[in-house]
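Here's final-v2.cif, which has mmCIF, C-alpha atoms and all ligand atoms:
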data_protein
#
loop_
_atom_site.label_atom_id
_atom_site.label_comp_id
_atom_site.auth_asym_id
_atom_site.auth_seq_id
_atom_site.Cartn_x
_atom_site.Cartn_y
_atom_site.Cartn_z
CA MET V 910 0.00 0.00 0.00
CA LYS V 911 1.24 3.47 -0.90
CA GLU V 912 0.01 6.68 0.69
CA LEU V 913 1.03 10.30 0.91
CA PHE V 914 3.07 10.79 4.10
CA GLY V 915 3.80 14.52 3.88
CA GLU V 916 5.85 17.17 2.16
CA LEU V 917 9.41 18.39 2.50
CA ALA V 918 9.97 22.10 3.23
CA ASP V 919 10.32 22.73 -0.53
CA GLY V 920 6.95 21.08 -1.25
CA THR V 921 8.30 17.74 -2.53
CA LYS V 922 5.84 14.97 -1.74
CA VAL V 923 6.98 12.04 0.38
CA HIS V 924 5.15 8.72 0.10
CA ARG V 925 4.95 5.89 2.57
CA TRP V 926 4.78 2.24 1.59
CA SER V 927 3.46 -0.43 3.92
CA LEU V 928 4.19 -4.12 3.50
CA GLU V 929 3.65 -7.21 5.57
CA ASN V 930 4.83 -10.81 5.33
CA GLY V 931 5.40 -13.64 7.80
CA GLY V 932 4.13 -11.46 10.65
CA THR V 933 6.61 -8.61 10.04
CA ARG V 934 5.30 -5.20 9.01
CA LEU V 935 7.48 -2.59 7.38
CA LYS V 936 6.71 1.07 6.67
CA VAL V 937 9.12 2.75 4.27
CA LEU V 938 9.38 6.36 3.10
CA SER V 939 10.43 7.51 -0.37
CA TYR V 940 12.56 10.07 1.53
CA GLY V 941 15.88 8.43 2.45
CA GLY V 942 14.39 4.96 1.95
CA ILE V 943 13.65 5.39 5.64
CA VAL V 944 12.23 2.46 7.57
CA GLN V 945 9.73 4.48 9.58
CA SER V 946 8.62 1.47 11.55
CA LEU V 947 9.28 -2.25 11.72
CA GLU V 948 6.62 -4.12 13.63
CA LEU V 949 6.75 -7.64 15.00
CA PRO V 950 3.90 -9.73 16.46
CA ASP V 951 3.62 -9.24 20.23
CA GLY V 952 2.24 -12.74 20.90
CA ARG V 953 -1.10 -11.28 22.04
CA GLY V 954 -2.56 -10.62 18.62
CA GLY V 955 -1.04 -7.16 18.28
CA HIS V 956 2.23 -5.76 16.95
CA THR V 957 5.17 -3.90 18.49
CA ASN V 958 7.27 -1.39 16.60
CA VAL V 959 10.93 -2.18 17.33
CA SER V 960 12.63 0.62 15.40
CA LEU V 961 12.93 4.29 16.36
CA GLY V 962 11.27 6.84 14.11
CA PHE V 963 9.16 9.95 13.71
CA ASP V 964 5.55 10.71 12.82
CA THR V 965 6.26 13.57 10.42
CA VAL V 966 8.41 14.34 7.40
CA GLU V 967 9.34 17.60 9.08
CA ALA V 968 10.97 15.81 12.02
CA TYR V 969 12.93 13.61 9.62
CA GLU V 970 14.02 16.61 7.56
CA THR V 971 15.07 18.79 10.49
CA SER V 972 16.34 16.55 13.25
CA SER V 973 16.80 12.89 12.39
CA PRO V 974 20.02 11.16 13.51
CA TYR V 975 19.59 8.91 10.44
CA PHE V 976 16.66 6.93 11.94
CA GLY V 977 16.07 3.92 9.63
CA ALA V 978 17.68 5.58 6.62
CA ILE V 979 19.77 4.33 3.71
CA ILE V 980 23.29 5.63 4.26
CA GLY V 981 25.47 6.58 1.29
CA ARG V 982 27.60 7.08 -0.50
CA TYR V 983 29.84 6.21 2.40
CA GLY V 984 28.68 4.82 5.74
CA ASN V 985 30.54 6.31 8.71
CA ARG V 986 33.58 8.60 8.58
CA ILE V 987 36.12 9.58 5.98
CA ALA V 988 38.87 11.45 7.81
CA LYS V 989 38.93 15.20 7.14
CA GLY V 990 36.62 14.58 4.15
CA ARG V 991 39.61 13.74 1.96
CA PHE V 992 40.87 10.80 -0.03
CA SER V 993 42.75 10.26 -3.24
CA LEU V 994 42.07 7.83 -6.02
CA ASP V 995 44.34 7.10 -8.98
CA GLY V 996 46.44 10.14 -8.00
CA GLU V 997 43.48 12.52 -7.88
CA ASP V 998 42.53 14.23 -4.61
CA HIS V 999 38.86 14.37 -3.67
CA VAL V 1000 37.44 16.80 -1.13
CA LEU V 1001 34.12 16.04 0.54
CA PRO V 1002 32.06 18.40 2.70
CA VAL V 1003 32.67 17.83 6.41
CA ASN V 1004 29.67 17.44 8.70
CA ASP V 1005 31.05 15.80 11.85
CA GLY V 1006 33.88 17.43 13.79
CA GLY V 1007 35.92 18.06 10.65
CA HIS V 1008 35.15 14.68 9.07
CA ASN V 1009 32.73 13.43 6.42
CA LEU V 1010 30.03 11.32 8.10
CA HIS V 1011 27.47 9.09 6.36
CA GLY V 1012 28.03 10.62 2.92
CA GLY V 1013 27.98 14.28 4.00
CA PRO V 1014 25.32 16.81 4.97
CA GLU V 1015 23.02 15.84 2.07
CA GLY V 1016 23.60 12.11 1.92
CA PHE V 1017 21.33 9.36 0.58
CA ASP V 1018 19.30 9.59 3.81
CA ARG V 1019 18.03 12.99 2.65
CA ARG V 1020 17.21 12.16 -0.97
CA ILE V 1021 14.01 11.10 -2.66
CA TRP V 1022 14.17 7.55 -4.01
CA ASP V 1023 12.08 5.98 -6.78
CA VAL V 1024 10.14 3.22 -5.08
CA GLU V 1025 8.39 0.27 -6.71
CA GLY V 1026 6.61 -2.59 -4.98
CA PHE V 1027 7.01 -6.22 -6.04
CA THR V 1028 5.96 -9.75 -5.16
CA SER V 1029 8.14 -12.68 -6.12
CA GLY V 1030 7.07 -16.19 -5.12
CA SER V 1031 6.32 -15.92 -1.41
CA ASP V 1032 8.39 -12.71 -0.98
CA VAL V 1033 7.08 -9.16 -1.00
CA GLY V 1034 9.25 -6.10 -1.22
CA LEU V 1035 10.29 -2.74 -2.55
CA VAL V 1036 12.94 -1.71 -5.03
CA LEU V 1037 14.40 1.73 -4.32
CA ARG V 1038 16.40 3.39 -7.06
CA ARG V 1039 18.44 6.53 -7.27
CA THR V 1040 21.13 7.94 -9.55
CA SER V 1041 23.63 10.04 -7.67
CA PRO V 1042 25.21 12.52 -10.08
CA ASP V 1043 28.97 12.74 -10.64
CA GLY V 1044 30.42 14.98 -7.92
CA GLU V 1045 27.42 14.80 -5.60
CA MET V 1046 28.67 15.55 -2.08
CA GLY V 1047 32.19 15.57 -3.57
CA TYR V 1048 32.22 11.90 -4.59
CA PRO V 1049 33.45 11.08 -8.11
CA GLY V 1050 31.37 9.16 -10.65
CA THR V 1051 27.70 8.89 -11.51
CA LEU V 1052 26.54 6.22 -9.09
CA THR V 1053 23.48 4.19 -10.09
CA VAL V 1054 22.08 2.61 -6.95
CA ARG V 1055 19.44 -0.02 -6.34
CA VAL V 1056 18.40 -1.06 -2.85
CA THR V 1057 15.91 -3.91 -2.46
CA TYR V 1058 13.97 -4.43 0.75
CA THR V 1059 12.43 -7.91 0.90
CA LEU V 1060 10.09 -9.39 3.51
CA THR V 1061 10.20 -13.16 3.31
CA ALA V 1062 7.45 -15.63 4.15
CA ARG V 1063 9.09 -16.22 7.55
CA GLY V 1064 9.16 -12.50 8.30
CA ASP V 1065 12.86 -11.82 7.62
CA TRP V 1066 13.83 -8.39 6.38
CA ARG V 1067 16.53 -8.66 3.73
CA ILE V 1068 18.40 -5.73 2.17
CA ASP V 1069 20.27 -6.10 -1.11
CA TYR V 1070 22.39 -3.19 -2.28
CA GLU V 1071 23.76 -2.79 -5.80
CA ALA V 1072 25.65 0.06 -7.40
CA THR V 1073 27.57 0.81 -10.57
CA THR V 1074 29.66 3.82 -11.57
CA ASP V 1075 31.01 5.51 -14.69
CA ARG V 1076 34.21 6.64 -12.93
CA ALA V 1077 36.37 5.15 -10.17
CA THR V 1078 34.81 5.92 -6.80
CA VAL V 1079 34.30 4.61 -3.27
CA VAL V 1080 31.06 3.08 -1.98
CA ASN V 1081 29.94 1.83 1.43
CA LEU V 1082 26.17 1.54 1.81
CA THR V 1083 24.26 0.58 4.92
CA ASN V 1084 21.00 1.12 6.78
CA HIS V 1085 20.74 3.00 10.05
CA VAL V 1086 17.83 1.35 11.88
CA TYR V 1087 17.85 2.02 15.63
CA TRP V 1088 16.66 -1.16 17.35
CA ASN V 1089 14.78 -1.45 20.61
CA LEU V 1090 13.34 -4.95 20.80
CA ALA V 1091 11.22 -4.01 23.82
CA GLY V 1092 9.42 -1.53 21.54
CA GLU V 1093 10.53 1.86 20.22
CA ASN V 1094 9.33 3.54 23.42
CA GLY V 1095 10.71 0.80 25.66
CA GLY V 1096 13.47 2.90 27.28
CA SER V 1097 17.06 1.78 27.71
CA VAL V 1098 18.36 -1.19 25.73
CA HIS V 1099 21.15 -1.82 28.24
CA ASP V 1100 19.51 -5.11 29.26
CA HIS V 1101 19.44 -6.40 25.68
CA VAL V 1102 21.85 -9.29 25.28
CA LEU V 1103 24.22 -9.06 22.33
CA THR V 1104 26.53 -11.55 20.65
CA VAL V 1105 28.88 -10.49 17.82
CA ALA V 1106 31.25 -12.85 16.03
CA ALA V 1107 34.17 -10.42 16.11
CA SER V 1108 37.52 -11.05 17.82
CA ARG V 1109 38.82 -7.63 16.81
CA TYR V 1110 37.56 -4.08 16.47
CA THR V 1111 38.91 -0.84 15.07
CA PRO V 1112 39.90 1.56 17.87
CA VAL V 1113 39.33 5.23 17.11
CA ASP V 1114 40.86 8.61 17.87
CA ALA V 1115 38.98 11.37 19.69
CA GLY V 1116 37.19 12.25 16.40
CA LEU V 1117 35.91 8.64 16.13
CA VAL V 1118 38.09 7.88 13.11
CA PRO V 1119 39.91 4.50 13.17
CA THR V 1120 43.57 4.70 14.13
CA GLY V 1121 44.30 1.87 11.67
CA GLU V 1122 44.90 -0.69 14.36
CA LEU V 1123 42.87 -3.91 14.50
CA ALA V 1124 42.78 -4.54 18.24
CA GLY V 1125 41.77 -7.75 19.99
CA VAL V 1126 38.51 -7.53 21.97
CA ALA V 1127 39.67 -9.91 24.73
CA GLY V 1128 39.53 -8.15 28.09
CA THR V 1129 37.91 -5.01 26.60
CA PRO V 1130 34.31 -3.73 26.71
CA PHE V 1131 34.12 -4.71 23.02
CA ASP V 1132 34.11 -8.43 23.68
CA PHE V 1133 30.67 -9.75 22.64
CA ARG V 1134 31.93 -13.13 21.47
CA THR V 1135 29.75 -14.72 24.12
CA PRO V 1136 26.34 -13.23 25.02
CA LYS V 1137 26.62 -10.08 27.16
CA THR V 1138 24.22 -7.29 28.04
CA LEU V 1139 24.86 -4.05 26.21
CA GLY V 1140 25.11 -2.19 29.50
CA ALA V 1141 27.53 -4.56 31.21
CA ASP V 1142 30.76 -2.74 30.37
CA LEU V 1143 29.50 0.59 29.08
CA ARG V 1144 30.59 2.57 32.12
CA ARG V 1145 34.04 1.05 32.38
CA GLU V 1146 36.94 3.44 32.41
CA ASP V 1147 38.26 2.95 28.91
CA PRO V 1148 39.42 5.85 26.71
CA GLN V 1149 37.64 4.27 23.73
CA LEU V 1150 34.30 4.46 25.56
CA LEU V 1151 35.00 8.02 26.67
CA TYR V 1152 35.66 9.21 23.10
CA ALA V 1153 32.32 7.84 21.98
CA GLN V 1154 30.35 8.29 25.23
CA GLY V 1155 29.66 4.58 24.91
CA ILE V 1156 30.26 2.16 22.09
CA ASP V 1157 30.38 3.62 18.59
CA HIS V 1158 32.88 1.29 16.97
CA ASN V 1159 33.40 -0.89 13.96
CA MET V 1160 33.62 -4.57 14.85
CA VAL V 1161 35.91 -6.59 12.59
CA LEU V 1162 33.83 -9.65 11.75
CA ASP V 1163 35.74 -12.93 11.99
CA LYS V 1164 34.20 -14.26 8.78
CA GLY V 1165 35.50 -11.29 6.73
CA LEU V 1166 33.94 -10.25 3.42
CA THR V 1167 31.83 -13.09 2.05
CA GLU V 1168 30.00 -13.91 -1.15
CA ARG V 1169 26.89 -14.94 0.78
CA PRO V 1170 25.39 -13.46 3.94
CA GLU V 1171 26.73 -15.24 7.02
CA HIS V 1172 25.46 -15.01 10.58
CA ILE V 1173 27.36 -12.36 12.59
CA ALA V 1174 25.24 -11.13 15.46
CA GLN V 1175 22.30 -11.80 17.71
CA LEU V 1176 20.40 -9.32 19.84
CA ARG V 1177 17.91 -10.57 22.42
CA GLU V 1178 15.49 -8.70 24.65
CA PRO V 1179 15.05 -10.87 27.75
CA VAL V 1180 11.57 -9.76 28.86
CA SER V 1181 9.74 -10.30 25.56
CA GLY V 1182 12.21 -12.96 24.41
CA ARG V 1183 12.30 -11.23 21.04
CA THR V 1184 15.47 -11.95 19.08
CA LEU V 1185 17.09 -10.30 16.08
CA SER V 1186 19.71 -12.28 14.14
CA ILE V 1187 21.84 -10.61 11.51
CA ALA V 1188 23.61 -12.19 8.57
CA THR V 1189 25.70 -10.17 6.13
CA THR V 1190 28.21 -10.28 3.31
CA GLU V 1191 30.04 -7.29 4.84
CA PRO V 1192 33.35 -7.53 6.75
CA GLY V 1193 32.31 -5.11 9.52
CA VAL V 1194 29.45 -3.85 11.63
CA GLN V 1195 29.21 -0.50 13.40
CA LEU V 1196 27.99 -1.11 16.92
CA TYR V 1197 26.47 2.14 18.15
CA THR V 1198 24.74 2.26 21.52
CA GLY V 1199 22.61 5.37 20.87
CA ASN V 1200 25.04 7.56 22.82
CA PHE V 1201 23.99 10.82 21.25
CA LEU V 1202 20.26 10.45 21.83
CA ASP V 1203 19.74 13.12 24.47
CA GLY V 1204 16.05 13.27 25.24
CA THR V 1205 15.31 16.07 22.75
CA LEU V 1206 13.65 13.95 20.04
CA VAL V 1207 10.10 12.65 20.45
CA GLY V 1208 9.42 9.44 18.58
CA THR V 1209 6.42 7.73 17.00
CA GLY V 1210 5.25 6.44 20.38
CA GLY V 1211 5.02 9.99 21.76
CA LEU V 1212 7.95 9.62 24.17
CA ALA V 1213 11.37 11.27 24.09
CA TYR V 1214 14.37 9.13 23.19
CA GLY V 1215 17.17 9.22 25.76
CA ARG V 1216 20.75 8.00 25.72
CA GLY V 1217 20.94 4.25 25.21
CA ASP V 1218 17.31 3.87 24.16
CA ALA V 1219 18.38 2.01 21.01
CA VAL V 1220 21.24 0.16 19.42
CA CYS V 1221 22.40 0.29 15.80
CA LEU V 1222 24.14 -2.59 14.05
CA GLU V 1223 25.20 -1.08 10.74
CA THR V 1224 26.78 -3.68 8.47
CA GLN V 1225 29.56 -2.06 6.49
CA HIS V 1226 33.13 -1.88 5.25
CA PHE V 1227 35.37 -0.23 7.83
CA PRO V 1228 35.20 3.54 8.40
CA ASP V 1229 37.85 5.59 6.56
CA SER V 1230 38.81 2.68 4.28
CA PRO V 1231 39.57 5.06 1.36
CA ASN V 1232 42.53 6.30 3.46
CA ARG V 1233 43.48 2.87 4.80
CA PRO V 1234 44.88 0.61 2.05
CA GLU V 1235 45.27 -2.12 4.68
CA PHE V 1236 41.46 -2.29 5.21
CA PRO V 1237 39.17 -4.25 2.83
CA SER V 1238 38.73 -2.06 -0.24
CA THR V 1239 35.68 0.16 -0.89
CA LEU V 1240 36.84 1.00 -4.40
CA LEU V 1241 34.38 0.60 -7.27
CA ARG V 1242 35.46 0.93 -10.88
CA PRO V 1243 33.41 1.25 -14.07
CA GLY V 1244 32.41 -2.22 -15.25
CA GLY V 1245 32.29 -3.56 -11.68
CA THR V 1246 29.19 -3.93 -9.52
CA TYR V 1247 29.07 -3.13 -5.83
CA ARG V 1248 26.97 -5.75 -4.04
CA SER V 1249 26.09 -6.10 -0.39
CA THR V 1250 23.42 -8.08 1.42
CA THR V 1251 22.19 -8.04 5.01
CA VAL V 1252 19.41 -10.24 6.38
CA HIS V 1253 17.56 -9.49 9.62
CA SER V 1254 15.70 -12.49 11.06
CA PHE V 1255 13.34 -12.30 13.99
CA ASN V 1256 12.27 -14.77 16.57
CA MET V 1257 9.17 -13.53 18.20
C1 LIG V 1301 28.01 6.88 13.96
C2 LIG V 1301 27.83 7.78 15.16
C3 LIG V 1301 26.76 8.78 14.85
C4 LIG V 1301 25.49 7.98 14.56
C5 LIG V 1301 24.28 8.79 14.26
C6 LIG V 1301 26.72 6.17 13.74
O1 LIG V 1301 26.83 5.34 12.65
O2 LIG V 1301 29.07 6.00 14.13
O3 LIG V 1301 29.03 8.42 15.51
O4 LIG V 1301 26.55 9.65 15.91
O5 LIG V 1301 25.74 7.14 13.47
O6 LIG V 1301 24.50 10.00 13.78
#
Would you mind giving the structure from this file in structure tokens?
Amino acid sequence: MKELFGELADGTKVHRWSLENGGTRLKVLSYGGIVQSLELPDGRGGHTNVSLGFDTVEAYETSSPYFGAIIGRYGNRIAKGRFSLDGEDHVLPVNDGGHNLHGGPEGFDRRIWDVEGFTSGSDVGLVLRRTSPDGEMGYPGTLTVRVTYTLTARGDWRIDYEATTDRATVVNLTNHVYWNLAGENGGSVHDHVLTVAASRYTPVDAGLVPTGELAGVAGTPFDFRTPKTLGADLRREDPQLLYAQGIDHNMVLDKGLTERPEHIAQLREPVSGRTLSIATTEPGVQLYTGNFLDGTLVGTGGLAYGRGDAVCLETQHFPDSPNRPEFPSTLLRPGGTYRSTTVHSFNM
């Protein structure tokens, strides 16, 4: 189902698509490809929205910290908004303490996408398309992007990303859903239990840019190799936690970059028993504990979101890879196709 959701400040219409399959309900905006809500059965005949969001286009346009949005062209930070490719220097606008974050101030999260619904066998879904012109937000190459959201018969939400370019460029696409499996107005997620198959992570400097080191998680707050509550180590005295006011770090997935999505993480909310499992082709995941939610944004449930009221698990290549030849490459050349898949499965 497609309906008018609202208008941007310049009068552009924003539509909302609603789909349902296998018990999962998804509401998606043509603005930013934003997942406005993701609802799961509550076991009592109703549904619970487990992703943070807003009621109005205006709130998304003026104050969203990327709630549910497609992130591009480059998820997370590129140091000082600079990189060079084939001997050419590229300068990107900076929008985060002197760095380029999530594609810049007018990233894919703030663009209108062409949306088309589909059904295929027992799947239902949406195809979102956008052509990002050469030089948009400083990035070289015309980037033709297709993002497919699929709801499967068992209620999984799968995202397939594809992109091609007409000039060498860098690409790192992700989605920025903020999860709270107790419900989007369920308060702190510090009791959620997380497991991540990552023995290493990328420590950052005070600007949250990786130092280049791949550090072991053993003995650090970043060790989620066995199930641990999100809150367990968050207040430990560790300079990495102080930089980020919590966890806001790229986990180096043990499986590395893979052809097919492989299981990497599980998030469980103990009271409802609801579980989210994530599989991806990507070599990394940004674990972000909602540190910068400060009680000033009121969500779809009518309550303000405070620090730690959600967790993001953004599958990705590592931040600042264009300046780190030792990291898995984010380079895309003409003739090649960027592909990335992430599957979210729910146990409800
Ligand atoms: C970044 C955070 C940022 C958040 C929302 C995350 O992916 O790593 O530093 O604050 O997105 O803006």
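Across the structure, atom CA of Phe1027 of chain V and atom CA of Gly1064 of chain V are spaced 15.8 Å apart.
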List all protein, DNA and RNA residues that have at least one atom no more than 6 Å from any atom of ligand LIG 1301 (chain V), counting only C-alpha atoms and all ligand atoms, and write them as a VMD selection string. chain V and resid 974 985 1157 1197
Closest to Asp995 of chain V among V:Ser1254, V:Ser1029, V:Asn958, V:Thr1078, using all atoms listed in the file? V:Thr1078
What would the list of residues within 10 Å of (21.2, -5.1, -2.5) (file frame) look like as number ranges by chain, if only C-alpha atoms are what count? V: 1036-1037, 1054-1059, 1067-1072, 1082-1083, 1247-1251
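Ranking V:Lys989, V:Arg953, V:Gly981, V:Val1024 by their shortest atom-to-atom distance to Leu938 of chain V, with only C-alpha atoms included, puts V:Val1024 first.
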Mind checking which residues fall within 8 Å of segment 1119-1128 of chain V, counting all atoms listed in the file, ignoring those fewer than 3 positions away in the same chain, and posting them as a ChimeraX atom specification? /V:1107-1114,1131-1132,1161,1228-1229,1233
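Across V:Gly1244, V:Gly1013, V:Gly1026, V:Pro1042, the tightest approach to Leu1060 of chain V is made by V:Gly1026 when counting only C-alpha atoms.
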